[in-house]
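*Asks:* To be precise about what I am sending: the file is called final_29.cif and holds mmCIF, C-alpha atoms and all ligand atoms.
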data_input
#
loop_
_atom_site.label_atom_id
_atom_site.label_comp_id
_atom_site.auth_asym_id
_atom_site.auth_seq_id
_atom_site.Cartn_x
_atom_site.Cartn_y
_atom_site.Cartn_z
CA MET A 6 -29.45 3.55 -4.16
CA ASN A 7 -29.92 -0.17 -3.67
CA GLU A 8 -27.28 -0.90 -1.05
CA LEU A 9 -25.71 -4.27 -1.74
CA ILE A 10 -22.86 -3.53 0.63
CA ALA A 11 -24.30 -2.64 4.04
CA LYS A 12 -22.27 0.19 5.49
CA SER A 13 -21.08 0.03 9.05
CA ALA A 14 -18.15 1.06 11.18
CA ARG A 15 -16.36 -2.04 9.92
CA VAL A 16 -16.90 -1.21 6.25
CA ARG A 17 -15.96 2.36 6.77
CA PRO A 18 -17.42 5.29 4.84
CA THR A 19 -15.07 8.17 4.00
CA PRO A 20 -15.48 11.89 4.64
CA PHE A 21 -16.49 12.15 0.94
CA THR A 22 -18.96 9.24 0.74
CA LYS A 23 -21.99 11.54 1.01
CA ARG A 24 -20.70 13.71 -1.84
CA ILE A 25 -19.84 10.92 -4.22
CA GLU A 26 -23.25 9.34 -3.63
CA GLU A 27 -24.86 12.66 -4.54
CA TYR A 28 -22.80 12.48 -7.75
CA GLY A 29 -24.17 9.01 -8.51
CA VAL A 30 -21.51 6.42 -7.68
CA GLN A 31 -22.60 3.15 -9.39
CA SER A 32 -20.59 0.57 -7.50
CA TYR A 33 -18.11 0.15 -4.68
CA THR A 34 -15.38 -2.23 -3.76
CA VAL A 35 -13.98 -2.60 -0.23
CA TYR A 36 -10.29 -1.80 0.31
CA ASN A 37 -8.56 -1.47 3.67
CA HIS A 38 -11.98 -2.06 5.28
CA MET A 39 -13.28 1.10 3.60
CA LEU A 40 -15.47 2.04 0.64
CA LEU A 41 -13.68 2.60 -2.66
CA PRO A 42 -15.85 3.74 -5.57
CA ALA A 43 -15.44 1.41 -8.58
CA SER A 44 -17.54 3.14 -11.25
CA PHE A 45 -19.67 6.20 -11.90
CA TYR A 46 -20.83 5.96 -15.54
CA GLY A 47 -19.51 2.45 -16.26
CA VAL A 48 -15.85 1.42 -16.38
CA THR A 49 -15.50 1.95 -20.15
CA GLU A 50 -17.07 5.42 -20.15
CA ASP A 51 -15.15 6.42 -17.00
CA CYS A 52 -11.90 5.36 -18.71
CA LYS A 53 -12.59 7.45 -21.82
CA HIS A 54 -13.45 10.47 -19.69
CA LEU A 55 -10.31 10.07 -17.56
CA LYS A 56 -8.06 10.02 -20.65
CA GLU A 57 -9.56 13.25 -21.99
CA ASN A 58 -10.50 15.37 -18.99
CA VAL A 59 -10.00 15.47 -15.22
CA GLN A 60 -11.49 13.46 -12.38
CA VAL A 61 -11.51 13.87 -8.61
CA TRP A 62 -11.10 10.51 -6.89
CA ASP A 63 -12.05 9.68 -3.32
CA VAL A 64 -9.09 7.40 -2.56
CA SER A 65 -9.43 7.66 1.22
CA VAL A 66 -8.76 3.89 1.19
CA GLU A 67 -5.11 4.69 0.56
CA ARG A 68 -4.60 4.68 4.34
CA GLN A 69 -1.46 6.06 5.87
CA VAL A 70 0.34 3.87 8.37
CA GLN A 71 2.29 6.44 10.35
CA ILE A 72 5.55 5.24 11.88
CA LYS A 73 6.99 7.85 14.22
CA GLY A 74 9.74 8.00 16.82
CA PRO A 75 13.44 7.36 17.39
CA ASP A 76 13.33 3.89 15.75
CA ALA A 77 11.06 4.91 12.84
CA ASP A 78 13.86 4.88 10.23
CA TYR A 79 14.99 1.45 11.37
CA LEU A 80 11.51 -0.12 11.39
CA THR A 81 10.44 1.40 8.07
CA GLN A 82 13.57 0.02 6.41
CA LEU A 83 13.11 -3.35 8.09
CA ILE A 84 9.74 -3.94 6.37
CA THR A 85 10.65 -2.91 2.82
CA CYS A 86 13.13 -4.28 0.29
CA ARG A 87 13.64 -0.84 -1.23
CA ASP A 88 16.69 1.08 -0.01
CA LEU A 89 15.34 4.03 2.00
CA SER A 90 18.68 4.99 3.53
CA THR A 91 18.94 8.10 1.37
CA ALA A 92 15.19 8.87 1.24
CA LYS A 93 14.42 12.58 0.85
CA ASP A 94 11.65 14.37 2.73
CA HIS A 95 10.07 15.60 -0.52
CA LEU A 96 9.91 12.37 -2.55
CA CYS A 97 7.53 9.40 -2.80
CA TYR A 98 9.04 5.90 -2.94
CA TYR A 99 7.23 2.90 -4.43
CA ALA A 100 8.47 0.31 -1.95
CA PRO A 101 7.26 -3.31 -1.70
CA ILE A 102 6.74 -4.61 1.84
CA VAL A 103 7.98 -8.17 2.17
CA ASP A 104 7.94 -10.87 4.84
CA GLU A 105 10.86 -12.95 6.10
CA GLN A 106 10.60 -15.17 2.98
CA GLY A 107 10.75 -12.18 0.69
CA LYS A 108 7.06 -12.52 -0.28
CA ILE A 109 5.09 -9.36 -0.94
CA LEU A 110 2.69 -8.25 1.78
CA ASN A 111 1.86 -4.89 0.24
CA ASP A 112 3.15 -2.43 -2.39
CA PRO A 113 2.74 1.05 -0.87
CA LEU A 114 4.19 4.44 -1.57
CA ILE A 115 6.41 5.46 1.33
CA MET A 116 7.16 9.07 2.24
CA LYS A 117 9.33 10.60 4.91
CA VAL A 118 6.96 13.40 5.94
CA HIS A 119 9.01 14.69 8.90
CA PRO A 120 12.52 13.88 10.17
CA ASP A 121 11.23 11.13 12.49
CA THR A 122 7.94 10.30 10.76
CA TRP A 123 7.09 8.07 7.79
CA TRP A 124 3.80 7.59 5.97
CA VAL A 125 3.30 4.20 4.40
CA SER A 126 0.45 4.73 1.91
CA ILE A 127 -0.80 1.20 1.78
CA ALA A 128 -2.53 -1.12 -0.66
CA ASP A 129 -5.16 -3.51 0.65
CA THR A 130 -3.57 -5.40 3.58
CA ASP A 131 -3.22 -4.64 7.29
CA ILE A 132 0.33 -3.32 7.39
CA LEU A 133 -0.34 -1.50 10.65
CA LEU A 134 -0.64 -4.90 12.35
CA TYR A 135 2.53 -6.23 10.69
CA ALA A 136 4.53 -3.14 11.69
CA LYS A 137 3.17 -3.27 15.24
CA GLY A 138 4.03 -6.95 15.58
CA ILE A 139 7.61 -6.32 14.54
CA ALA A 140 7.92 -3.22 16.74
CA ILE A 141 6.65 -5.13 19.78
CA GLY A 142 8.78 -8.19 19.03
CA LYS A 143 11.91 -6.09 18.64
CA ASN A 144 11.05 -3.69 21.46
CA LEU A 145 11.35 -0.63 19.22
CA ASP A 146 10.74 2.94 20.29
CA VAL A 147 8.03 3.87 17.75
CA GLU A 148 4.42 4.94 17.68
CA ILE A 149 2.37 3.31 14.91
CA THR A 150 -0.99 4.85 14.08
CA GLU A 151 -3.47 5.38 11.28
CA PRO A 152 -3.99 9.14 11.21
CA ASN A 153 -7.21 10.66 9.88
CA VAL A 154 -5.81 11.26 6.39
CA ASN A 155 -8.11 10.73 3.41
CA PRO A 156 -6.42 11.27 0.05
CA LEU A 157 -8.15 12.84 -2.91
CA ALA A 158 -6.55 12.16 -6.29
CA VAL A 159 -6.97 14.65 -9.12
CA GLN A 160 -6.20 12.71 -12.30
CA GLY A 161 -6.33 13.24 -16.04
CA PRO A 162 -4.69 15.54 -18.63
CA LYS A 163 -6.65 18.57 -17.39
CA SER A 164 -5.69 18.00 -13.73
CA PHE A 165 -2.78 20.44 -14.11
CA GLU A 166 -5.03 23.33 -15.18
CA LEU A 167 -7.58 22.52 -12.45
CA MET A 168 -4.96 22.37 -9.70
CA ARG A 169 -3.35 25.60 -10.98
CA ARG A 170 -6.69 27.40 -10.59
CA ILE A 171 -6.86 26.42 -6.91
CA PHE A 172 -3.24 26.27 -5.73
CA GLY A 173 -1.55 28.69 -8.14
CA GLU A 174 1.26 28.42 -10.71
CA GLU A 175 3.64 26.88 -8.18
CA ILE A 176 1.83 23.55 -8.28
CA LEU A 177 2.94 23.14 -11.89
CA ASN A 178 6.59 23.05 -10.74
CA LEU A 179 5.98 19.89 -8.71
CA LYS A 180 7.85 17.07 -10.48
CA PHE A 181 6.66 13.44 -10.75
CA PHE A 182 6.73 11.72 -7.33
CA HIS A 183 7.70 14.93 -5.50
CA PHE A 184 5.54 16.30 -2.69
CA LYS A 185 5.18 19.66 -1.03
CA ARG A 186 2.72 21.46 1.22
CA PHE A 187 0.21 23.88 -0.35
CA ASN A 188 -2.28 26.22 1.22
CA PHE A 189 -6.08 26.10 0.88
CA ARG A 190 -8.35 28.13 3.23
CA ASP A 191 -5.42 28.64 5.65
CA HIS A 192 -4.77 24.93 5.87
CA GLN A 193 -1.59 23.27 4.60
CA PHE A 194 -2.21 20.11 2.57
CA LEU A 195 0.55 17.74 1.59
CA ILE A 196 0.24 17.33 -2.19
CA ALA A 197 2.20 14.87 -4.35
CA ARG A 198 2.48 14.63 -8.09
CA SER A 199 1.32 11.00 -8.15
CA GLY A 200 -1.75 8.84 -8.55
CA TRP A 201 -2.86 5.43 -9.70
CA SER A 202 -3.25 6.28 -13.38
CA LYS A 203 -0.86 7.20 -16.16
CA GLN A 204 -2.96 10.17 -17.25
CA GLY A 205 -1.08 12.63 -15.03
CA GLY A 206 -2.16 14.24 -11.80
CA PHE A 207 -1.84 14.81 -8.09
CA GLU A 208 -2.76 13.31 -4.75
CA ILE A 209 -3.89 15.58 -1.92
CA TYR A 210 -3.47 14.10 1.56
CA VAL A 211 -6.58 15.53 3.22
CA ASP A 212 -6.03 15.70 6.99
CA HIS A 213 -8.98 17.99 7.79
CA ASP A 214 -12.46 16.63 7.00
CA GLU A 215 -14.30 19.95 6.83
CA ILE A 216 -11.77 21.89 4.77
CA GLY A 217 -11.31 18.73 2.70
CA LEU A 218 -15.00 18.79 1.78
CA GLN A 219 -14.71 22.47 0.87
CA LEU A 220 -11.74 21.56 -1.32
CA PHE A 221 -13.71 18.75 -2.98
CA ASP A 222 -16.52 21.21 -3.79
CA LYS A 223 -14.02 23.79 -5.06
CA LEU A 224 -12.42 21.25 -7.40
CA ILE A 225 -15.82 20.41 -8.88
CA GLU A 226 -16.85 24.08 -9.13
CA LYS A 227 -13.59 25.33 -10.70
CA GLY A 228 -13.42 22.43 -13.14
CA LYS A 229 -16.85 22.79 -14.75
CA ASP A 230 -15.50 23.97 -18.11
CA LEU A 231 -12.82 21.23 -17.93
CA LYS A 232 -15.63 18.65 -17.66
CA VAL A 233 -14.47 17.57 -14.20
CA ARG A 234 -16.27 14.57 -12.70
CA PRO A 235 -15.86 12.48 -9.58
CA GLY A 236 -14.05 9.30 -10.57
CA CYS A 237 -12.09 6.39 -9.23
CA PRO A 238 -9.17 4.11 -10.08
CA ASN A 239 -10.12 2.53 -13.40
CA LEU A 240 -9.67 -1.17 -14.20
CA ILE A 241 -9.07 -0.64 -17.92
CA GLU A 242 -6.71 2.31 -17.61
CA ARG A 243 -4.58 0.65 -14.94
CA ILE A 244 -4.22 -2.61 -16.88
CA GLU A 245 -3.35 -0.77 -20.11
CA SER A 246 -0.80 1.27 -18.13
CA GLY A 247 0.69 -1.75 -16.34
CA LEU A 248 -0.05 -0.48 -12.81
CA LEU A 249 -0.07 -3.52 -10.57
CA SER A 250 -2.92 -4.13 -8.12
CA TYR A 251 -2.06 -5.99 -4.93
CA GLY A 252 -4.61 -8.73 -4.23
CA ASN A 253 -5.40 -9.00 -7.93
CA ASP A 254 -2.14 -9.36 -9.88
CA MET A 255 -0.03 -10.43 -6.92
CA ASP A 256 -0.42 -11.70 -3.41
CA MET A 257 1.58 -12.95 -0.44
CA ASN A 258 2.75 -16.07 -2.31
CA ASP A 259 4.70 -13.97 -4.83
CA THR A 260 7.99 -12.14 -4.50
CA PRO A 261 8.81 -8.72 -5.96
CA LEU A 262 11.33 -10.38 -8.31
CA GLU A 263 8.53 -12.54 -9.74
CA CYS A 264 6.43 -9.41 -10.21
CA ASN A 265 9.10 -7.60 -12.28
CA LEU A 266 9.78 -5.21 -9.38
CA ASP A 267 13.54 -5.86 -9.43
CA SER A 268 14.37 -2.15 -9.49
CA PHE A 269 12.70 -1.77 -6.07
CA VAL A 270 14.69 -4.59 -4.45
CA SER A 271 17.99 -3.53 -2.91
CA PHE A 272 20.95 -5.75 -2.13
CA ASN A 273 22.98 -2.88 -0.66
CA PRO A 274 25.15 -4.60 2.00
CA ASP A 275 24.64 -1.64 4.34
CA ILE A 276 20.89 -2.03 4.72
CA GLU A 277 18.91 -4.56 6.71
CA TYR A 278 15.39 -5.74 5.92
CA LEU A 279 13.34 -8.87 6.53
CA GLY A 280 13.45 -11.33 3.64
CA LYS A 281 16.71 -10.02 2.21
CA ALA A 282 18.51 -13.39 2.32
CA ALA A 283 15.58 -15.15 0.65
CA LEU A 284 15.46 -12.54 -2.12
CA GLN A 285 19.24 -12.73 -2.57
CA LYS A 286 18.94 -16.50 -3.02
CA GLN A 287 16.12 -16.12 -5.54
CA LYS A 288 18.05 -13.46 -7.42
CA ASP A 289 21.14 -15.73 -7.61
CA GLN A 290 19.10 -18.72 -8.81
CA GLY A 291 16.87 -16.72 -11.13
CA VAL A 292 13.06 -16.65 -10.87
CA SER A 293 11.16 -19.67 -12.18
CA ARG A 294 8.01 -17.66 -13.00
CA SER A 295 7.00 -14.04 -13.52
CA LEU A 296 4.17 -11.72 -14.46
CA ILE A 297 3.59 -11.35 -18.17
CA GLY A 298 0.98 -9.68 -20.37
CA LEU A 299 -1.62 -11.71 -22.26
CA ILE A 300 -3.67 -10.67 -25.25
CA LEU A 301 -6.82 -12.71 -25.33
CA ASP A 302 -9.03 -13.60 -28.22
CA LEU A 303 -12.24 -12.38 -26.57
CA ASP A 304 -14.45 -9.30 -26.67
CA GLU A 305 -15.31 -9.27 -22.98
CA ILE A 306 -13.91 -10.73 -19.79
CA SER A 307 -14.28 -10.46 -16.05
CA VAL A 308 -11.82 -12.06 -13.65
CA THR A 309 -12.93 -12.52 -10.05
CA LYS A 310 -10.45 -15.22 -9.10
CA TYR A 311 -7.22 -16.56 -10.57
CA ILE A 312 -7.94 -18.55 -13.75
CA PRO A 313 -5.62 -21.57 -14.09
CA ILE A 314 -3.39 -21.81 -17.15
CA LYS A 315 -2.53 -25.40 -18.08
CA LYS A 316 -0.40 -27.13 -20.68
CA ASP A 317 -0.79 -30.85 -21.33
CA GLY A 318 -2.82 -31.07 -18.13
CA LEU A 319 -0.11 -29.44 -16.01
CA LEU A 320 -0.59 -26.12 -14.23
CA ILE A 321 1.88 -23.58 -15.66
CA GLY A 322 0.40 -20.32 -14.40
CA SER A 323 -2.69 -18.22 -13.68
CA LEU A 324 -4.50 -15.31 -15.25
CA ARG A 325 -4.97 -12.73 -12.51
CA SER A 326 -6.61 -9.63 -13.99
CA ALA A 327 -8.08 -8.79 -17.35
CA CYS A 328 -10.36 -6.34 -19.10
CA TYR A 329 -11.60 -5.49 -22.55
CA SER A 330 -9.67 -2.48 -23.80
CA PRO A 331 -11.46 -0.36 -26.42
CA ASP A 332 -8.15 1.31 -27.38
CA PHE A 333 -6.47 -2.03 -28.11
CA ASN A 334 -9.74 -3.56 -29.33
CA LYS A 335 -8.73 -6.72 -27.47
CA CYS A 336 -8.83 -8.22 -23.99
CA LEU A 337 -5.65 -7.60 -22.02
CA GLY A 338 -4.60 -9.77 -19.11
CA ILE A 339 -1.89 -9.94 -16.48
CA ALA A 340 -0.76 -13.48 -15.70
CA MET A 341 1.84 -15.29 -13.61
CA VAL A 342 3.46 -17.84 -15.94
CA ASP A 343 6.34 -20.31 -15.54
CA LYS A 344 9.45 -18.98 -17.27
CA SER A 345 9.87 -22.27 -19.13
CA HIS A 346 6.54 -21.64 -20.88
CA GLN A 347 7.04 -17.95 -21.64
CA SER A 348 7.56 -17.24 -25.30
CA LEU A 349 6.49 -14.35 -27.49
CA GLU A 350 6.19 -16.83 -30.39
CA GLN A 351 3.99 -19.45 -28.74
CA ASN A 352 0.45 -19.11 -27.48
CA LEU A 353 -1.19 -20.27 -24.27
CA SER A 354 -4.60 -21.77 -23.97
CA LEU A 355 -6.97 -21.34 -21.04
CA GLU A 356 -10.49 -22.31 -20.20
CA ILE A 357 -12.84 -19.41 -19.57
CA ASN A 358 -16.51 -20.12 -18.89
CA GLY A 359 -16.16 -23.57 -20.42
CA ASN A 360 -14.56 -22.30 -23.66
CA GLU A 361 -10.98 -22.76 -24.75
CA ILE A 362 -9.40 -19.34 -25.27
CA ILE A 363 -6.10 -18.65 -27.04
CA ALA A 364 -3.80 -16.07 -25.42
CA LYS A 365 -0.73 -14.46 -26.94
CA MET A 366 2.06 -13.51 -24.54
CA THR A 367 3.55 -10.02 -24.53
CA ASN A 368 5.82 -7.96 -22.33
CA LEU A 369 4.39 -5.57 -19.72
CA PRO A 370 3.47 -2.75 -19.95
CA PHE A 371 1.33 -3.34 -23.04
CA GLN A 372 2.46 -1.53 -26.19
CA LYS A 373 -0.05 -0.37 -28.77
N1 LIG B 401 -1.06 6.41 -4.23
C1 LIG B 401 -0.96 6.40 -2.89
N2 LIG B 401 -1.14 5.30 -2.17
C2 LIG B 401 -1.44 4.14 -2.80
C3 LIG B 401 -1.53 4.07 -4.20
C4 LIG B 401 -1.32 5.27 -4.93
N3 LIG B 401 -1.66 3.03 -2.06
C5 LIG B 401 -2.22 1.88 -2.69
C6 LIG B 401 -1.66 1.64 -4.07
N4 LIG B 401 -1.78 2.88 -4.84
C7 LIG B 401 -0.21 1.23 -3.96
N5 LIG B 401 0.33 0.74 -5.21
C8 LIG B 401 0.94 1.55 -6.16
C9 LIG B 401 1.28 0.97 -7.38
C10 LIG B 401 1.88 1.74 -8.35
C11 LIG B 401 2.14 3.09 -8.10
C12 LIG B 401 1.79 3.65 -6.90
C13 LIG B 401 1.21 2.87 -5.91
C14 LIG B 401 2.81 3.95 -9.11
N6 LIG B 401 3.73 3.39 -9.89
C15 LIG B 401 4.43 4.15 -10.92
C16 LIG B 401 4.61 3.25 -12.13
O1 LIG B 401 4.44 2.05 -12.03
O2 LIG B 401 4.89 3.80 -13.19
C17 LIG B 401 5.75 4.69 -10.49
C18 LIG B 401 6.70 3.72 -9.86
C19 LIG B 401 8.07 4.31 -9.73
O3 LIG B 401 8.71 4.51 -10.78
O4 LIG B 401 8.58 4.58 -8.61
O5 LIG B 401 2.55 5.13 -9.20
O6 LIG B 401 -1.43 5.30 -6.19
N7 LIG B 401 -0.70 7.54 -2.27
#
Re-express the file's structure as structure tokens.
*Replies:*
Amino acid sequence: MNELIAKSARVRPTPFTKRIEEYGVQSYTVYNHMLLPASFYGVTEDCKHLKENVQVWDVSVERQVQIKGPDADYLTQLITCRDLSTAKDHLCYYAPIVDEQGKILNDPLIMKVHPDTWWVSIADTDILLYAKGIAIGKNLDVEITEPNVNPLAVQGPKSFELMRRIFGEEILNLKFFHFKRFNFRDHQFLIARSGWSKQGGFEIYVDHDEIGLQLFDKLIEKGKDLKVRPGCPNLIERIESGLLSYGNDMDMNDTPLECNLDSFVSFNPDIEYLGKAALQKQKDQGVSRSLIGLILDLDEISVTKYIPIKKDGLLIGSLRSACYSPDFNKCLGIAMVDKSHQSLEQNLSLEINGNEIIAKMTNLPFQK
């Protein structure tokens, strides 16, 4: 393969990189300083396959920031606006991490994996450094590490049958966003019913490279008749499903309230987190802008940086992600737009590659 991204210790390979290259990965992106496959047979074909079959994704880039020790509960709560005070040790929590101004630094899943240990399953920013800075500044009794955990996601409608063949009937009892430990070759793997698609599936937190590779091979072998393929998070599927991507749809200048994540922002007077006062103020005043869906009059699009949205020469928002969706037969976009210009009746206009494009606004997630 023509290597456009030179691999090194800084752009880290994963325990599965060799395998997925044997299976013909077409392109990579870099996420948490690590290789994340971006396509195998092309994004459109990968999307179709994912909706009908089952894929095994090397999502090692979903790094775990492990926060352990007597002050682990306190620190984990301090960095997220979601109320974790009643968190259960068998549930995943989608929990935005915010700074002192209430701006989003990351949007991980957080799990209490042991009584004094949390895993923060991060999106693409260095939360280990943020957590360490706060722990040092506040003199907290915690150990913050990145353990050698490399998740594999098994996604798609046939993921249930494939996982049943390997882990037994019991895996089918796992409810959405629950996790439990399951045995493979005498090793216990933490498995959650989760994953970054809306096609159903699981995430296996692989904490043993060698047995993890055996598991990868077993998934491919046992899924032959289910048309299993290696795959990866899919741009089209995630936009259609309204799954937000940190660094694309939102960044550290946005708050969770502006990103429609209100249900993950707690104002419980009994909990303390950084940025709470700022978020309370914004909640009281109401947000002046928010993420909204756009339907664009185009038959292809590629967004590699925010595209400005203007009205009468004034900046009123930005288009942040978009794709052509074969199922909608339209281009779908996710944009941050001033509330005063949001209207399901009026259209927006934006300049893409020198052409004026009309966009219709719609609520997220997109409805067919
Ligand atoms: N799984 C794990 N780690 C991750 C991701 C993941 N780290 C990076 C990134 N993805 C974090 N971001 C998200 C965004 C959305 C979801 C999960 C992680 C998600 N959202 C559901 C939804 O929007 O319907 C459920 C949210 C809820 O209701 O609580 O699944 O995918 N391990």
*Asks:* Enumerate as a PyMOL selection string the residues within 10 Å of ligand LIG 401 (chain B), counting only C-alpha atoms and all ligand atoms.
*Replies:* chain A and resi 36-37+64-69+96-101+111-116+124-130+155-158+181-182+196-203+207-210+238+243+246-251+266+268-269+370
*Asks:* Near A:Pro235, counting all atoms listed in the file, which residues have an atom at most 8 Å away, once you skip same-chain residues fewer than 6 positions from it, shown as JSON, numbers by chain?
*Replies:* {"A": [25, 28, 45, 60, 61, 62, 63, 225]}
*Asks:* Generate a file of the selected residues that holds C-alpha atoms, formatted as a PDB file, in the frame of the given file.
*Replies:*
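Full text of result-v2.pdb as output:
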ATOM      1  CA  ILE A  25     -19.840  10.920  -4.220  1.00  0.00           C
ATOM      2  CA  TYR A  28     -22.800  12.480  -7.750  1.00  0.00           C
ATOM      3  CA  PHE A  45     -19.670   6.200 -11.900  1.00  0.00           C
ATOM      4  CA  GLN A  60     -11.490  13.460 -12.380  1.00  0.00           C
ATOM      5  CA  VAL A  61     -11.510  13.870  -8.610  1.00  0.00           C
ATOM      6  CA  TRP A  62     -11.100  10.510  -6.890  1.00  0.00           C
ATOM      7  CA  ASP A  63     -12.050   9.680  -3.320  1.00  0.00           C
ATOM      8  CA  ILE A 225     -15.820  20.410  -8.880  1.00  0.00           C
TER       9      ILE A 225
END
*Asks:* Quick one: residues within 7 Å of A:Lys117, only C-alpha atoms, excluding same-chain residues fewer than 6 positions away - as a PyMOL selection string?
*Replies:* chain A and resi 93-94+123-124
*Asks:* Could you give me, as a list in words, the residues within 8 Å of A:Lys315, counting only C-alpha atoms and dropping anything in the same chain fewer than 5 positions from it?
*Replies:*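 Those residues are Leu320, Ile321, Gly322, Ser354 and Leu355 of chain A.
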*Asks:* Expressed in Å to a single decimal, how great is the separation between atom CA of A:Ala11 and atom CA of A:Cys237?
*Replies:*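 Atom CA of A:Cys237 lies at a distance of 20.2 Å from atom CA of A:Ala11.
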*Asks:* Would you work out the distance separating atom CA of A:Gly217 from atom CA of A:Arg24, expressed in Å to one decimal?
*Replies:*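 About the pair atom CA of A:Gly217 and atom CA of A:Arg24: they are 11.6 Å apart.
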*Asks:* Kindly give the distance, in Å, that separates atom CA of A:Leu9 and atom CA of A:Asp256, rounded to a single decimal.
*Replies:* 26.4 Å
*Asks:* Using all atoms listed in the file, which residue out of A:Lys232, A:His346, A:His192, A:Arg169 lies closest to A:Gly206?
*Replies:*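 For A:Gly206, the nearest of the candidates is A:Arg169.
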*Asks:* Between A:Tyr278, A:Tyr329, A:Phe221, A:Phe189, which is the closest to A:Glu245 once you count only C-alpha atoms?
*Replies:*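 Going through A:Tyr278, A:Tyr329, A:Phe221, A:Phe189 one by one, the smallest distance to A:Glu245 is for A:Tyr329.
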*Asks:* For a quick check of understanding, using only C-alpha atoms, which of A:Leu231, A:Ile141, A:Ile362, A:Leu80 has the smallest distance to A:Met168?
*Replies:*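 Once distances to A:Met168 are computed over only C-alpha atoms, the minimum belongs to A:Leu231.
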*Asks:* Once 3 Å is added on each side, what are the centre and the three edge lengths, in Å to one decimal, of the axis-aligned box enclosing the listed atoms of stretch 189-194 of chain A? Present them as AutoDock Vina command-line options.
*Replies:*
--center_x -5.0 --center_y 24.4 --center_z 3.4 --size_x 12.8 --size_y 14.5 --size_z 11.0
*Asks:* Mind writing stretch 261-277 of chain A to a file for me, with N, CA and C atoms, as an mmCIF file, in the first residue's frame?
*Replies:*
data_model
loop_
_atom_site.group_PDB
_atom_site.id
_atom_site.type_symbol
_atom_site.label_atom_id
_atom_site.label_comp_id
_atom_site.auth_asym_id
_atom_site.auth_seq_id
_atom_site.Cartn_x
_atom_site.Cartn_y
_atom_site.Cartn_z
ATOM 1 N N PRO A 261 -22.069 22.203 25.592
ATOM 2 C CA PRO A 261 -23.009 21.098 25.366
ATOM 3 C C PRO A 261 -24.441 21.586 25.106
ATOM 4 N N LEU A 262 -24.806 22.735 25.700
ATOM 5 C CA LEU A 262 -26.170 23.249 25.479
ATOM 6 C C LEU A 262 -26.338 23.696 24.027
ATOM 7 N N GLU A 263 -25.259 24.214 23.432
ATOM 8 C CA GLU A 263 -25.324 24.626 22.019
ATOM 9 C C GLU A 263 -25.315 23.420 21.086
ATOM 10 N N CYS A 264 -24.904 22.273 21.612
ATOM 11 C CA CYS A 264 -24.824 21.061 20.791
ATOM 12 C C CYS A 264 -26.006 20.124 21.055
ATOM 13 N N ASN A 265 -27.054 20.664 21.628
ATOM 14 C CA ASN A 265 -28.288 19.888 21.917
ATOM 15 C C ASN A 265 -28.031 18.737 22.888
ATOM 16 N N LEU A 266 -27.036 18.894 23.759
ATOM 17 C CA LEU A 266 -26.724 17.827 24.718
ATOM 18 C C LEU A 266 -27.274 18.147 26.110
ATOM 19 N N ASP A 267 -28.358 18.909 26.141
ATOM 20 C CA ASP A 267 -28.960 19.363 27.411
ATOM 21 C C ASP A 267 -29.208 18.214 28.391
ATOM 22 N N SER A 268 -29.610 17.057 27.862
ATOM 23 C CA SER A 268 -29.972 15.966 28.781
ATOM 24 C C SER A 268 -28.749 15.366 29.479
ATOM 25 N N PHE A 269 -27.529 15.790 29.045
ATOM 26 C CA PHE A 269 -26.319 15.297 29.697
ATOM 27 C C PHE A 269 -25.652 16.390 30.538
ATOM 28 N N VAL A 270 -26.406 17.460 30.801
ATOM 29 C CA VAL A 270 -25.895 18.564 31.620
ATOM 30 C C VAL A 270 -26.738 18.626 32.887
ATOM 31 N N SER A 271 -26.087 18.416 34.031
ATOM 32 C CA SER A 271 -26.810 18.376 35.297
ATOM 33 C C SER A 271 -26.660 19.681 36.069
ATOM 34 N N PHE A 272 -27.760 20.119 36.646
ATOM 35 C CA PHE A 272 -27.705 21.269 37.558
ATOM 36 C C PHE A 272 -28.089 20.840 38.974
ATOM 37 N N ASN A 273 -27.920 19.575 39.262
ATOM 38 C CA ASN A 273 -28.148 19.028 40.602
ATOM 39 C C ASN A 273 -27.292 19.810 41.607
ATOM 40 N N PRO A 274 -27.923 20.471 42.588
ATOM 41 C CA PRO A 274 -27.146 21.300 43.528
ATOM 42 C C PRO A 274 -26.117 20.500 44.328
ATOM 43 N N ASP A 275 -26.285 19.190 44.399
ATOM 44 C CA ASP A 275 -25.366 18.378 45.205
ATOM 45 C C ASP A 275 -24.087 17.983 44.474
ATOM 46 N N ILE A 276 -23.999 18.263 43.188
ATOM 47 C CA ILE A 276 -22.761 17.860 42.514
ATOM 48 C C ILE A 276 -21.938 19.071 42.100
ATOM 49 N N GLU A 277 -20.618 18.824 42.035
ATOM 50 C CA GLU A 277 -19.677 19.892 41.710
ATOM 51 C C GLU A 277 -18.898 19.494 40.471
#
